[in-house]
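Taking it in order: structure first as C-alpha cells, then the write-up.
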2 protein chains.
Amino acid sequence: MEKLLKSIIFTHSLLSIDTKKQRVVILGSGWAGYTFSRTLDPSKYERIVISPRSYFVFTPLLASTSVGTLEFRAVLESVRRLPGGVRFYQGWADEVDFSRKVIRVEANAVDPLPDALLPSISPQTNQPLGNEIFDVEYDKLVIAVGAYSQTFGIPGVREHAHFLRDVGDARRIRLRVLSLFEQCSYPTSSGDKNGRIAENALSEEEKRSLLHFVVVGGGPTGIEFAAELHDLIHEDLKAMYPELIPLVRITVYDIAPKVLPMFDQALAQYAMDTFARQGIEVRTEHHLERIRVADGALGDAHGGLSIKIKEYGDDEINAGLVVWSTGLMQNPLVEQLVSKEFAIAKDSALEQDKTSLHRLLKDPKTGGIFTDRYLRARITDGQDTAAGTGDVLPDVYVMGDCAVIEADRSLPKTAQVASQQAGYLAKQLNKSTQSLSNPTDVSNSWKPFKFRNWGTLTYLGGWKAIHQSSADELRGWVAWIVWRGAYLTRSMSVRNKLMVPVYWFVSWLFGRDISRF
Amino acid sequence: MEKLLKSIIFTHSLLSIDTKKQRVVILGSGWAGYTFSRTLDPSKYERIVISPRSYFVFTPLLASTSVGTLEFRAVLESVRRLPGGVRFYQGWADEVDFSRKVIRVEANAVDPLPDALLPSISPQTNQPLGNEIFDVEYDKLVIAVGAYSQTFGIPGVREHAHFLRDVGDARRIRLRVLSLFEQCSYPTSSGDKNGRIAENALSEEEKRSLLHFVVVGGGPTGIEFAAELHDLIHEDLKAMYPELIPLVRITVYDIAPKVLPMFDQALAQYAMDTFARQGIEVRTEHHLERIRVADGALGDAHGGLSIKIKEYGDDEINAGLVVWSTGLMQNPLVEQLVSKEFAIAKDSALEQDKTSLHRLLKDPKTGGIFTDRYLRARITDGQDTAAGTGDVLPDVYVMGDCAVIEADRSLPKTAQVASQQAGYLAKQLNKSTQSLSNPTDVSNSWKPFKFRNWGTLTYLGGWKAIHQSSADELRGWVAWIVWRGAYLTRSMSVRNKLMVPVYWFVSWLFGRDISRF
C-alpha cells in the first residue's frame, strides 16, 4: 500500500525536488516563518517559502541599525541561504484553496527601485501591468504571515510617520535623522557678523522644531529606539554638530498610564528615571490625534511636521521625525482566509464521497485564526458554526502574530512566542512518523505547545538595560551584558553572530557610521 | 606690521574657528578634495569643505560593493570625521567672487528620501522652494570639483543606464542585478506538468534578455565591474538560482580597438583571454547609439532595455542592465567659472588703486582650468587674453579632473593623479612660511608638482588581476595579492583598513550579501 501511495505521489509531484518527501509550504519569513523553515528537517520535508520579503529580520537589533550602531545586513538572514536547500518565491499568497491544497501566488520581485518608479499601467498598451500569478501545491501548509502596523485611523500617520518593523524602515529613519542634522548645520537666519543674511535660512526656533524627535509607543520598540537615538546624538553627533545639541529634544508619547507594561513597576520606574537623567521626555496618557505637514518652508522645504495631541488642546507641537511603534492589525490575507467557506473531504475510510463546508475559526477579539494546542488551524463543524467541537483542518498550521491558541488566548504577540511556536512545530514534524492515511492522528504522539517565558530585555541607552524574567530582575550594567549576550544565541547565522560583535566593537572604537546614501 | 595684520584678520574673521589661522576652503570631497583636506595641517589652517556629498568614496573598491563583496560603508570616509576638525557644508558652490574672495553656497542637505519626493514648489504659497543660500569667505581656495559622466548625447543613456561613480550608483546596480534574478525565478510561461499556465510569466527568451548584463566602456572601471559581476554570479547566485545560470550573459562594449589602453598589449591580451575563459564577451570597436525601454511587458513590467549598436544595423540587443563607465565632461561650475571676468587688485606695494580684468585660463581641449606647475590657477593677462604670460590668481588652486597643468597636459584624469596633486599641495602649504603681503612669492620655495606613476591594477575576476608599473608587470595570483594589498595602504581610515579585510573574509567564508532593501 505504501509503495502504491508513493508512486502516486511520484507522478503527481514532479515539481518536487525530492518526490519521496512531503512538501511543506511556509507563508512568511518573520520570526515564526523563518524559525520554522530553518528548523524543519530538509531531509524529511521539501521546504517552500513564500513571502514578499526574501530575508528574515532580527527585530531586537533593528533599533540599533536605525542609528548606525549596527549595519543593516548584520540583522538580516537571507531565506535562500538556508542550509539544506529551500525553494523561495518572492510574492504574496493571494488565495488558498484548502480543498485542493493549492496556493495562488502573486509575484512581487519587481520592487520599485529608489529612483525609478516602475509604472503600473503599460504606456504601450494602456493595460494594467500584471505581476506573474502562479499556483503552488502543498502537502502541509504553515501560515505565518504576521501582522501589519495599526494606525487606528489617525490622520497623517500612514503618510508622515515612520514605522520600525523592517530594515527599509530603519534605513529611512536613519537617513531622516542624519538629514535633519545636516539641514540645521547651515548659518541661521539671524545673519553673520558682517550683516550678511543667508537666504532661506532656518531660524533657531525652526531648528528646534526639526530636531525634535517624537516616538509614539512606550513599549520595548519605542523605548529602545529613543535610547539608541540618544546614544547616537550624545556619542557621535555631539562632536560633529556641537552647536545643535542644545536644540535637540526626544519625546516618547503613550496612551497608557505607564510605559513598558511587561515589566514590573520598579523596573519600569528605573527606565523612566534613566530617561529623565538623559533628558528624554516620557509623556504617558497622551493621545496623538493628527499629524500634518508644518506650515511654511519648515514643512514644505524641510519635511517638518505639526502634531496635534489631545491633552494639549489646539496647540500643536512640531517635530522633524515621528516614529510610530505601537499597534498591530491583521494581515489582509488572514481577513480574507477567515471569510471564505471551503469544502473538505470526510475521512475516506469512513464516509466516501462526502464533503462538508467549513470556515476557519476566527478570534472575534483580535481577528486572528484560532488553533488548537498543536497549532493546527481550527475550523467550524460542517453542521454548525459554533466553536468548541474541536475540528481541525488537516495539514494546516498557524503560528505567530496571526494565530491565537484557543485554549491559551493570553499569549502576547511577541517574537519570543512566535519563534517558540515555530521551533515546537518544526520539531514535532521532524519527529513525526505520520503516514498519509491518518492525518488527524498526529496529535496522539505530540505534546501540546507550551510557552516558556525567557524574560524581557529592553535597552535604555547609555550602556544600561533592564531584564526581567520569572527567575530574576536585572538592571544597569549587568542587564546590558545579558542583553548583548542574549542576542547572540538566537536565530542568527554564524555570519551574523560574528558580524554583530564586530560592528559593536567598531562602532564603539571609531564611532557610528553616519554617512547618508 | 604682522601684529596689525593679525588684529585686522581677527576683526574680519569672527566666523573662523581660530582667528590666527588662514581659512582654506576646499570645493569637493573626491580624491583631490578629500586627500587635500585630510593632509592639510589643521593647526596651521582652518579647513572648510563644501561639497554636495558629505563623504569620500574609495572608488577602486566601488565595483566590489556593487555586487556585495564589500559593504558600501567600508569604502566611504565621512568628511566630518576628519581628525583635527573641519567645518563642512553640504551644498554646491553656485558662484565664486574672486575679487572679494567669497563663495556663494547653495545648501543641498534636503536630499529626497527614497520614498518621499519633496516638492520644489510650495503647495501653500506656490513659490519655488529655495535652498538656503549663504556666503563663505576664503583666504585660500582649492577647486577640486571633479567631472561629470559624459554620455555624448546618446539618447537613453542618462535615463536608462547606470553610472558607477558613487555609492548610490553601486547600490542601485546591486539592487537591480539581484532583482533581475528574483524576477526570473518564477515558473516560465511554458507551464508546469499539470498543464497549469502561470499568468504574466516570462518566457525563457525573455529571461535571457533580462539576464543579459551590458557594460559600456573597457577601461578599468568597466572591466572590474564585469569581473566582479561574474564572481557574484558564479560563486553565489549559482547556488540559489541554478536553473538561471545557463541563461546569463555579460558583454563589454567599447568603441576603441582595445580595452584597458593603459596596459601594454600582452597584459591586455591576458585580460581578454581570462574573460573569454569566463564567458564574458568583449566587443571592441562597437558603438552604442541608443538605449530604450524594450517592447511589451519585458520593458514595462520588468525594466528590460533594447540597445541599438551601430555595427549590428537595425537589430537591437536586449539587456536587463546597462552600466555606463566611460567618458567625462566638465562640471557645470567649471564652465561657469571660466566664462566670467573678474577684477583683482594689482600688487598694492607697486600700483595702488589699480585693478585689471581677468579670466581663468581654460584648456580648449578638455574645458578644464589651466594651472601652473604649482597647481595655481592661471589667468589671462589684464591686457591680452593670450596664454603664456604666466599670470596666476593668488591663493586659488585647482586640482584633479577639473584641472590641466599647462606645462604637462598629458596627465590622465585618474584617482592617482588627483590624490598625488592633493598631497603635494597640502604638504607645500604645510611647509610654507608665506606671509600675507607676498602672496605670489610662494613659488620661490616650492618644488613643482611631479607625478609618479605607481602603476595600474585591474581585477579580472576569479581571484586574478593584472598590474603594470614602470618597475614590473604582474599577472594572475600574484597581481591579485598586490591588488588587495595596495588598496589597504592608501587614503583609508583605520576603520576601513580593518573593515575591508573583514568583509573580504566574511564574503569568502559565508558568501556575498544578497539581500535587497
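Scheme for the C-alpha cells: letters A, B, ... for chains in order shown; per-chain residue numbers from 1; ligand numbers from 1 in order shown.
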TODO: Report as an MDAnalysis selection string the set of chain B residues whose atoms approach chain A to within 6 Å, with distances computed over only C-alpha atoms.
DONE: chainID B and resid 109 114 122 132:134 168 182:183 198:201 300 517
With all heavy atoms retained, export the selected residues as a JSON list (two decimals), in the first residue's frame.
[["chain", "number", "residue", "atom", "x", "y", "z"],
["B", 109, "ALA", "N", 21.24, 69.82, 1.58],
["B", 109, "ALA", "CA", 21.07, 68.72, 2.52],
["B", 109, "ALA", "C", 19.70, 68.11, 2.47],
["B", 109, "ALA", "O", 19.47, 67.04, 3.00],
["B", 109, "ALA", "CB", 21.36, 69.20, 3.94],
["B", 114, "PRO", "N", 14.15, 58.13, -0.29],
["B", 114, "PRO", "CA", 13.72, 57.16, -1.30],
["B", 114, "PRO", "C", 12.23, 57.17, -1.56],
["B", 114, "PRO", "O", 11.81, 56.95, -2.68],
["B", 114, "PRO", "CB", 14.13, 55.82, -0.69],
["B", 114, "PRO", "CG", 15.23, 56.13, 0.22],
["B", 114, "PRO", "CD", 14.99, 57.50, 0.74],
["B", 122, "SER", "N", 6.23, 75.26, -3.31],
["B", 122, "SER", "CA", 5.47, 75.18, -2.07],
["B", 122, "SER", "C", 3.99, 75.09, -2.39],
["B", 122, "SER", "O", 3.44, 75.95, -3.07],
["B", 122, "SER", "CB", 5.72, 76.43, -1.22],
["B", 122, "SER", "OG", 4.69, 76.56, -0.27],
["B", 132, "GLU", "N", 18.72, 76.97, 1.10],
["B", 132, "GLU", "CA", 19.40, 78.08, 1.77],
["B", 132, "GLU", "C", 20.61, 78.49, 0.95],
["B", 132, "GLU", "O", 21.33, 77.65, 0.40],
["B", 132, "GLU", "CB", 19.83, 77.66, 3.17],
["B", 132, "GLU", "CG", 20.55, 78.77, 3.90],
["B", 132, "GLU", "CD", 20.66, 78.52, 5.39],
["B", 132, "GLU", "OE1", 19.91, 77.68, 5.91],
["B", 132, "GLU", "OE2", 21.49, 79.20, 6.01],
["B", 133, "ILE", "N", 20.82, 79.79, 0.85],
["B", 133, "ILE", "CA", 21.98, 80.31, 0.11],
["B", 133, "ILE", "C", 22.72, 81.25, 1.04],
["B", 133, "ILE", "O", 22.13, 82.14, 1.64],
["B", 133, "ILE", "CB", 21.53, 81.05, -1.16],
["B", 133, "ILE", "CG1", 20.84, 80.05, -2.09],
["B", 133, "ILE", "CG2", 22.71, 81.70, -1.86],
["B", 133, "ILE", "CD1", 20.32, 80.65, -3.36],
["B", 134, "PHE", "N", 24.02, 81.04, 1.16],
["B", 134, "PHE", "CA", 24.81, 81.86, 2.06],
["B", 134, "PHE", "C", 26.23, 81.99, 1.53],
["B", 134, "PHE", "O", 26.62, 81.27, 0.60],
["B", 134, "PHE", "CB", 24.81, 81.26, 3.47],
["B", 134, "PHE", "CG", 25.32, 79.86, 3.53],
["B", 134, "PHE", "CD1", 26.64, 79.59, 3.91],
["B", 134, "PHE", "CD2", 24.50, 78.79, 3.19],
["B", 134, "PHE", "CE1", 27.11, 78.28, 3.96],
["B", 134, "PHE", "CE2", 24.97, 77.49, 3.23],
["B", 134, "PHE", "CZ", 26.28, 77.24, 3.61],
["B", 168, "GLY", "N", 25.76, 55.59, -4.21],
["B", 168, "GLY", "CA", 24.38, 55.48, -4.64],
["B", 168, "GLY", "C", 24.26, 54.70, -5.93],
["B", 168, "GLY", "O", 23.36, 53.87, -6.10],
["B", 182, "GLU", "N", 15.75, 37.60, -9.16],
["B", 182, "GLU", "CA", 14.50, 37.27, -8.45],
["B", 182, "GLU", "C", 13.33, 37.25, -9.44],
["B", 182, "GLU", "O", 12.49, 36.37, -9.39],
["B", 182, "GLU", "CB", 14.26, 38.32, -7.35],
["B", 182, "GLU", "CG", 13.27, 37.88, -6.32],
["B", 182, "GLU", "CD", 13.81, 36.80, -5.41],
["B", 182, "GLU", "OE1", 14.77, 37.02, -4.69],
["B", 182, "GLU", "OE2", 13.22, 35.70, -5.43],
["B", 183, "GLN", "N", 13.30, 38.24, -10.34],
["B", 183, "GLN", "CA", 12.19, 38.31, -11.29],
["B", 183, "GLN", "C", 12.15, 37.08, -12.19],
["B", 183, "GLN", "O", 11.10, 36.67, -12.67],
["B", 183, "GLN", "CB", 12.33, 39.54, -12.18],
["B", 183, "GLN", "CG", 12.09, 40.85, -11.46],
["B", 183, "GLN", "CD", 12.24, 42.03, -12.40],
["B", 183, "GLN", "OE1", 11.68, 42.02, -13.49],
["B", 183, "GLN", "NE2", 13.01, 43.02, -12.00],
["B", 198, "ALA", "N", 1.06, 29.75, -15.76],
["B", 198, "ALA", "CA", 1.11, 30.92, -14.90],
["B", 198, "ALA", "C", 0.73, 32.15, -15.72],
["B", 198, "ALA", "O", 1.03, 32.23, -16.90],
["B", 198, "ALA", "CB", 2.52, 31.08, -14.35],
["B", 199, "GLU", "N", 0.07, 33.10, -15.08],
["B", 199, "GLU", "CA", -0.27, 34.34, -15.78],
["B", 199, "GLU", "C", 0.93, 35.28, -15.78],
["B", 199, "GLU", "O", 1.64, 35.38, -14.80],
["B", 199, "GLU", "CB", -1.41, 35.05, -15.06],
["B", 199, "GLU", "CG", -2.72, 34.31, -15.08],
["B", 199, "GLU", "CD", -3.75, 35.01, -14.20],
["B", 199, "GLU", "OE1", -3.71, 36.25, -14.10],
["B", 199, "GLU", "OE2", -4.59, 34.31, -13.62],
["B", 200, "ASN", "N", 1.09, 36.02, -16.88],
["B", 200, "ASN", "CA", 2.15, 37.04, -16.97],
["B", 200, "ASN", "C", 3.53, 36.46, -16.76],
["B", 200, "ASN", "O", 4.43, 37.15, -16.29],
["B", 200, "ASN", "CB", 1.92, 38.15, -15.92],
["B", 200, "ASN", "CG", 0.60, 38.82, -16.10],
["B", 200, "ASN", "OD1", 0.19, 39.11, -17.21],
["B", 200, "ASN", "ND2", -0.11, 39.04, -15.00],
["B", 201, "ALA", "N", 3.71, 35.18, -17.07],
["B", 201, "ALA", "CA", 5.02, 34.60, -16.84],
["B", 201, "ALA", "C", 5.99, 35.02, -17.94],
["B", 201, "ALA", "O", 5.60, 35.41, -19.04],
["B", 201, "ALA", "CB", 4.90, 33.08, -16.81],
["B", 300, "ASP", "N", 8.05, 47.22, -19.90],
["B", 300, "ASP", "CA", 7.19, 47.94, -18.97],
["B", 300, "ASP", "C", 7.21, 47.34, -17.57],
["B", 300, "ASP", "O", 7.28, 48.05, -16.59],
["B", 300, "ASP", "CB", 5.74, 47.91, -19.46],
["B", 300, "ASP", "CG", 5.57, 48.77, -20.70],
["B", 300, "ASP", "OD1", 6.42, 49.63, -20.93],
["B", 300, "ASP", "OD2", 4.57, 48.54, -21.41],
["B", 517, "PHE", "N", 17.23, 45.73, 0.00],
["B", 517, "PHE", "CA", 16.37, 46.63, 0.76],
["B", 517, "PHE", "C", 16.76, 48.05, 0.47],
["B", 517, "PHE", "O", 17.81, 48.31, -0.09],
["B", 517, "PHE", "CB", 16.46, 46.35, 2.27],
["B", 517, "PHE", "CG", 17.85, 46.47, 2.82],
["B", 517, "PHE", "CD1", 18.36, 47.69, 3.22],
["B", 517, "PHE", "CD2", 18.66, 45.36, 2.91],
["B", 517, "PHE", "CE1", 19.65, 47.80, 3.71],
["B", 517, "PHE", "CE2", 19.94, 45.48, 3.41],
["B", 517, "PHE", "CZ", 20.44, 46.67, 3.81]]
Based on the backbone DSSP call, show me all residues of range 135-274 of chain A assigned alpha helix (DSSP H), as a tab-separated table (two decimals) with N, CA, C and O atoms, in the first residue's frame.
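Now in part38.tsv:
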chain	number	residue	atom	x	y	z
A	157	VAL	N	-0.82	59.56	9.99
A	157	VAL	CA	0.20	58.63	10.50
A	157	VAL	C	0.81	57.83	9.36
A	157	VAL	O	2.03	57.74	9.21
A	158	ARG	N	-0.05	57.27	8.53
A	158	ARG	CA	0.50	56.44	7.47
A	158	ARG	C	1.33	57.25	6.49
A	158	ARG	O	2.29	56.75	5.90
A	159	GLU	N	0.97	58.51	6.31
A	159	GLU	CA	1.68	59.32	5.32
A	159	GLU	C	2.98	59.90	5.86
A	159	GLU	O	3.94	60.06	5.13
A	160	HIS	N	2.99	60.26	7.15
A	160	HIS	CA	4.11	61.07	7.64
A	160	HIS	C	4.95	60.40	8.71
A	160	HIS	O	6.07	60.84	8.95
A	167	VAL	N	13.90	46.43	7.75
A	167	VAL	CA	15.15	47.14	7.52
A	167	VAL	C	14.93	48.39	6.67
A	167	VAL	O	15.61	49.40	6.86
A	168	GLY	N	14.00	48.33	5.73
A	168	GLY	CA	13.71	49.53	4.94
A	168	GLY	C	13.27	50.67	5.85
A	168	GLY	O	13.67	51.82	5.66
A	169	ASP	N	12.46	50.35	6.85
A	169	ASP	CA	12.04	51.37	7.83
A	169	ASP	C	13.26	51.94	8.55
A	169	ASP	O	13.40	53.16	8.70
A	170	ALA	N	14.12	51.05	9.03
A	170	ALA	CA	15.29	51.51	9.79
A	170	ALA	C	16.16	52.41	8.92
A	170	ALA	O	16.69	53.42	9.38
A	171	ARG	N	16.29	52.05	7.67
A	171	ARG	CA	17.13	52.85	6.78
A	171	ARG	C	16.54	54.23	6.57
A	171	ARG	O	17.26	55.24	6.60
A	172	ARG	N	15.23	54.30	6.36
A	172	ARG	CA	14.61	55.60	6.14
A	172	ARG	C	14.72	56.47	7.39
A	172	ARG	O	14.96	57.67	7.31
A	173	ILE	N	14.58	55.85	8.55
A	173	ILE	CA	14.71	56.62	9.79
A	173	ILE	C	16.12	57.17	9.91
A	173	ILE	O	16.34	58.34	10.23
A	174	ARG	N	17.09	56.31	9.62
A	174	ARG	CA	18.49	56.74	9.74
A	174	ARG	C	18.79	57.90	8.82
A	174	ARG	O	19.42	58.89	9.21
A	175	LEU	N	18.34	57.78	7.56
A	175	LEU	CA	18.57	58.86	6.61
A	175	LEU	C	17.91	60.14	7.09
A	175	LEU	O	18.47	61.24	6.97
A	176	ARG	N	16.71	60.01	7.62
A	176	ARG	CA	15.97	61.20	8.04
A	176	ARG	C	16.66	61.89	9.22
A	176	ARG	O	16.81	63.11	9.22
A	177	VAL	N	17.08	61.11	10.21
A	177	VAL	CA	17.73	61.71	11.38
A	177	VAL	C	18.99	62.47	10.95
A	177	VAL	O	19.19	63.63	11.32
A	178	LEU	N	19.83	61.83	10.17
A	178	LEU	CA	21.08	62.47	9.76
A	178	LEU	C	20.81	63.66	8.85
A	178	LEU	O	21.50	64.68	8.92
A	179	SER	N	19.79	63.54	8.01
A	179	SER	CA	19.46	64.64	7.13
A	179	SER	C	19.01	65.86	7.93
A	179	SER	O	19.35	66.99	7.60
A	180	LEU	N	18.26	65.62	8.99
A	180	LEU	CA	17.79	66.75	9.81
A	180	LEU	C	18.97	67.50	10.41
A	180	LEU	O	19.00	68.74	10.43
A	181	PHE	N	19.96	66.78	10.92
A	181	PHE	CA	21.13	67.48	11.47
A	181	PHE	C	21.86	68.25	10.38
A	181	PHE	O	22.30	69.38	10.57
A	182	GLU	N	21.99	67.64	9.22
A	182	GLU	CA	22.67	68.32	8.13
A	182	GLU	C	21.92	69.58	7.73
A	182	GLU	O	22.50	70.64	7.51
A	183	GLN	N	20.57	69.48	7.67
A	183	GLN	CA	19.78	70.64	7.27
A	183	GLN	C	19.92	71.79	8.26
A	183	GLN	O	19.82	72.95	7.89
A	204	GLU	N	16.41	79.79	14.71
A	204	GLU	CA	16.73	78.84	15.76
A	204	GLU	C	15.49	78.08	16.19
A	204	GLU	O	15.54	76.88	16.47
A	205	GLU	N	14.35	78.75	16.21
A	205	GLU	CA	13.11	78.09	16.59
A	205	GLU	C	12.77	76.98	15.62
A	205	GLU	O	12.33	75.88	16.00
A	206	GLU	N	12.97	77.24	14.35
A	206	GLU	CA	12.70	76.20	13.36
A	206	GLU	C	13.66	75.03	13.50
A	206	GLU	O	13.28	73.86	13.32
A	207	LYS	N	14.90	75.33	13.85
A	207	LYS	CA	15.84	74.23	14.07
A	207	LYS	C	15.40	73.37	15.26
A	207	LYS	O	15.50	72.14	15.24
A	208	ARG	N	14.91	74.02	16.30
A	208	ARG	CA	14.40	73.24	17.44
A	208	ARG	C	13.26	72.34	17.00
A	208	ARG	O	13.11	71.22	17.50
A	209	SER	N	12.42	72.84	16.10
A	209	SER	CA	11.32	72.01	15.61
A	209	SER	C	11.84	70.80	14.87
A	209	SER	O	11.40	69.67	15.08
A	210	LEU	N	12.78	71.04	13.98
A	210	LEU	CA	13.28	69.93	13.17
A	210	LEU	C	14.06	68.92	14.02
A	210	LEU	O	14.10	67.75	13.70
A	220	PRO	N	8.75	48.15	24.27
A	220	PRO	CA	10.19	47.96	24.07
A	220	PRO	C	10.72	48.59	22.78
A	220	PRO	O	11.80	49.19	22.78
A	221	THR	N	9.98	48.49	21.67
A	221	THR	CA	10.50	49.05	20.42
A	221	THR	C	10.69	50.55	20.51
A	221	THR	O	11.76	51.08	20.18
A	222	GLY	N	9.66	51.24	20.98
A	222	GLY	CA	9.75	52.70	21.08
A	222	GLY	C	10.82	53.13	22.07
A	222	GLY	O	11.60	54.05	21.81
A	223	ILE	N	10.87	52.47	23.22
A	223	ILE	CA	11.86	52.82	24.25
A	223	ILE	C	13.27	52.58	23.74
A	223	ILE	O	14.17	53.40	23.91
A	224	GLU	N	13.49	51.45	23.09
A	224	GLU	CA	14.83	51.16	22.60
A	224	GLU	C	15.24	52.12	21.51
A	224	GLU	O	16.41	52.53	21.44
A	225	PHE	N	14.30	52.50	20.65
A	225	PHE	CA	14.67	53.45	19.62
A	225	PHE	C	15.05	54.79	20.26
A	225	PHE	O	16.06	55.39	19.88
A	226	ALA	N	14.27	55.26	21.21
A	226	ALA	CA	14.60	56.53	21.87
A	226	ALA	C	15.98	56.43	22.53
A	226	ALA	O	16.78	57.37	22.48
A	227	ALA	N	16.26	55.27	23.12
A	227	ALA	CA	17.54	55.08	23.78
A	227	ALA	C	18.69	55.10	22.78
A	227	ALA	O	19.71	55.76	22.98
A	228	GLU	N	18.53	54.38	21.68
A	228	GLU	CA	19.59	54.33	20.67
A	228	GLU	C	19.80	55.71	20.06
A	228	GLU	O	20.93	56.14	19.80
A	229	LEU	N	18.72	56.41	19.81
A	229	LEU	CA	18.82	57.74	19.23
A	229	LEU	C	19.59	58.66	20.17
A	229	LEU	O	20.45	59.44	19.76
A	230	HIS	N	19.29	58.56	21.43
A	230	HIS	CA	20.01	59.36	22.43
A	230	HIS	C	21.51	59.07	22.38
A	230	HIS	O	22.34	59.99	22.38
A	231	ASP	N	21.87	57.79	22.30
A	231	ASP	CA	23.28	57.44	22.21
A	231	ASP	C	23.93	58.05	20.97
A	231	ASP	O	25.03	58.59	21.03
A	238	LYS	N	27.36	64.81	18.66
A	238	LYS	CA	27.81	65.93	19.50
A	238	LYS	C	29.13	66.48	18.99
A	238	LYS	O	29.39	67.69	19.03
A	239	ALA	N	30.01	65.60	18.49
A	239	ALA	CA	31.32	66.06	18.01
A	239	ALA	C	31.20	66.79	16.69
A	239	ALA	O	31.98	67.68	16.38
A	240	MET	N	30.20	66.41	15.90
A	240	MET	CA	30.10	66.97	14.55
A	240	MET	C	29.25	68.21	14.47
A	240	MET	O	29.44	69.07	13.62
A	265	GLN	N	6.67	47.36	38.18
A	265	GLN	CA	6.70	48.79	38.44
A	265	GLN	C	8.12	49.30	38.72
A	265	GLN	O	8.53	50.35	38.24
A	266	ALA	N	8.88	48.54	39.50
A	266	ALA	CA	10.21	49.02	39.90
A	266	ALA	C	11.12	49.18	38.69
A	266	ALA	O	11.83	50.18	38.54
A	267	LEU	N	11.10	48.19	37.81
A	267	LEU	CA	11.96	48.28	36.63
A	267	LEU	C	11.48	49.36	35.67
A	267	LEU	O	12.28	50.08	35.08
A	268	ALA	N	10.17	49.44	35.50
A	268	ALA	CA	9.67	50.47	34.60
A	268	ALA	C	10.04	51.86	35.14
A	268	ALA	O	10.39	52.77	34.38
A	269	GLN	N	9.99	52.00	36.47
A	269	GLN	CA	10.36	53.29	37.05
A	269	GLN	C	11.85	53.56	36.84
A	269	GLN	O	12.27	54.68	36.56
A	270	TYR	N	12.67	52.52	36.98
A	270	TYR	CA	14.10	52.67	36.72
A	270	TYR	C	14.32	53.17	35.29
A	270	TYR	O	15.14	54.04	35.03
A	271	ALA	N	13.56	52.61	34.36
A	271	ALA	CA	13.68	53.05	32.97
A	271	ALA	C	13.33	54.53	32.86
A	271	ALA	O	14.03	55.31	32.20
A	272	MET	N	12.22	54.92	33.48
A	272	MET	CA	11.80	56.32	33.40
A	272	MET	C	12.85	57.24	34.04
A	272	MET	O	13.16	58.31	33.51
A	273	ASP	N	13.42	56.82	35.15
A	273	ASP	CA	14.44	57.65	35.79
A	273	ASP	C	15.67	57.77	34.91
A	273	ASP	O	16.27	58.84	34.80
A	274	THR	N	16.07	56.66	34.31
A	274	THR	CA	17.22	56.70	33.40
A	274	THR	C	16.96	57.67	32.27
A	274	THR	O	17.81	58.49	31.91
Task: Non-local contacts of Lys310 in chain A (9 Å; only C-alpha atoms; under 2 positions in same chain excluded) as a list in words - done: His286, His287, Leu288, Glu289, Lys308, Tyr312, Gly313 and Asp314 of chain A
Any chance you can output those residues with N, CA, C and O atoms as an mmCIF file, in the first residue's frame?
data_model
loop_
_atom_site.group_PDB
_atom_site.id
_atom_site.type_symbol
_atom_site.label_atom_id
_atom_site.label_comp_id
_atom_site.auth_asym_id
_atom_site.auth_seq_id
_atom_site.Cartn_x
_atom_site.Cartn_y
_atom_site.Cartn_z
ATOM 1 N N HIS A 286 -1.047 60.331 26.938
ATOM 2 C CA HIS A 286 -1.192 61.351 25.910
ATOM 3 C C HIS A 286 -1.641 60.670 24.623
ATOM 4 O O HIS A 286 -1.114 59.626 24.248
ATOM 5 N N HIS A 287 -2.603 61.301 23.950
ATOM 6 C CA HIS A 287 -3.188 60.705 22.753
ATOM 7 C C HIS A 287 -2.867 61.554 21.532
ATOM 8 O O HIS A 287 -3.204 62.739 21.485
ATOM 9 N N LEU A 288 -2.250 60.953 20.542
ATOM 10 C CA LEU A 288 -1.941 61.657 19.305
ATOM 11 C C LEU A 288 -3.186 61.624 18.433
ATOM 12 O O LEU A 288 -3.790 60.570 18.224
ATOM 13 N N GLU A 289 -3.572 62.776 17.904
ATOM 14 C CA GLU A 289 -4.811 62.824 17.127
ATOM 15 C C GLU A 289 -4.600 63.078 15.656
ATOM 16 O O GLU A 289 -5.434 62.714 14.825
ATOM 17 N N LYS A 308 -0.961 67.137 16.540
ATOM 18 C CA LYS A 308 -1.999 67.527 17.487
ATOM 19 C C LYS A 308 -2.117 66.449 18.549
ATOM 20 O O LYS A 308 -2.402 65.285 18.242
ATOM 21 N N TYR A 312 -3.141 68.605 24.716
ATOM 22 C CA TYR A 312 -2.643 69.966 24.554
ATOM 23 C C TYR A 312 -3.671 70.877 23.890
ATOM 24 O O TYR A 312 -3.357 72.018 23.531
ATOM 25 N N GLY A 313 -4.849 70.358 23.666
ATOM 26 C CA GLY A 313 -5.864 71.199 23.048
ATOM 27 C C GLY A 313 -5.497 71.551 21.625
ATOM 28 O O GLY A 313 -5.094 70.699 20.836
ATOM 29 N N ASP A 314 -5.585 72.831 21.307
ATOM 30 C CA ASP A 314 -5.327 73.239 19.933
ATOM 31 C C ASP A 314 -3.854 73.493 19.625
ATOM 32 O O ASP A 314 -3.478 73.655 18.473
#
Task: Using only C-alpha atoms: which of B:Gly476, B:Pro42, B:Gly219, B:Gly462 has the shortest distance to Pro83 in chain B - done: B:Pro42
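For the pair CA of Gly304 in chain B and CA of Ala147 in chain B, the separation is 29.3 Å.
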TODO: Pick out the residues sitting within 6 Å of Ile291 in chain B, and hand them over as JSON, numbers by chain; count only C-alpha atoms, and ignore anything fewer than 2 positions along from it in its own chain.
DONE: {"B": [156, 306, 307]}
Open item on the list: Residues within 8 Å of Val338 in chain B, please, as a PyMOL selection string. Count only C-alpha atoms; anything in the same chain fewer than 2 positions from it doesn't count.
Closed with: chain B and resi 334-336+340+359-362+369
I need the chosen residues saved as a short mmCIF file (atom, residue, chain, number, x, y, z; two decimals), in the first residue's frame, with C-alpha atoms.
data_model
loop_
_atom_site.label_atom_id
_atom_site.label_comp_id
_atom_site.auth_asym_id
_atom_site.auth_seq_id
_atom_site.Cartn_x
_atom_site.Cartn_y
_atom_site.Cartn_z
CA VAL B 334 33.90 74.99 -14.01
CA GLU B 335 32.19 76.05 -17.20
CA GLN B 336 30.68 78.96 -15.36
CA LYS B 340 33.33 85.14 -16.14
CA ARG B 359 39.55 85.40 -16.76
CA LEU B 360 40.58 81.96 -15.68
CA LEU B 361 42.50 80.29 -18.43
CA LYS B 362 40.64 77.37 -19.93
CA ILE B 369 41.14 75.13 -15.81
#
- [ ] May I have all residues of range 7-217 of chain B that DSSP, computed from the backbone, assigns to strand (DSSP E), given as a VMD selection string?
- [x] chain B and resid 22 to 27 45 to 51 55 to 57 76 to 78 87 to 97 102 to 107 133 to 137 140 to 143 147 to 149 212 to 216
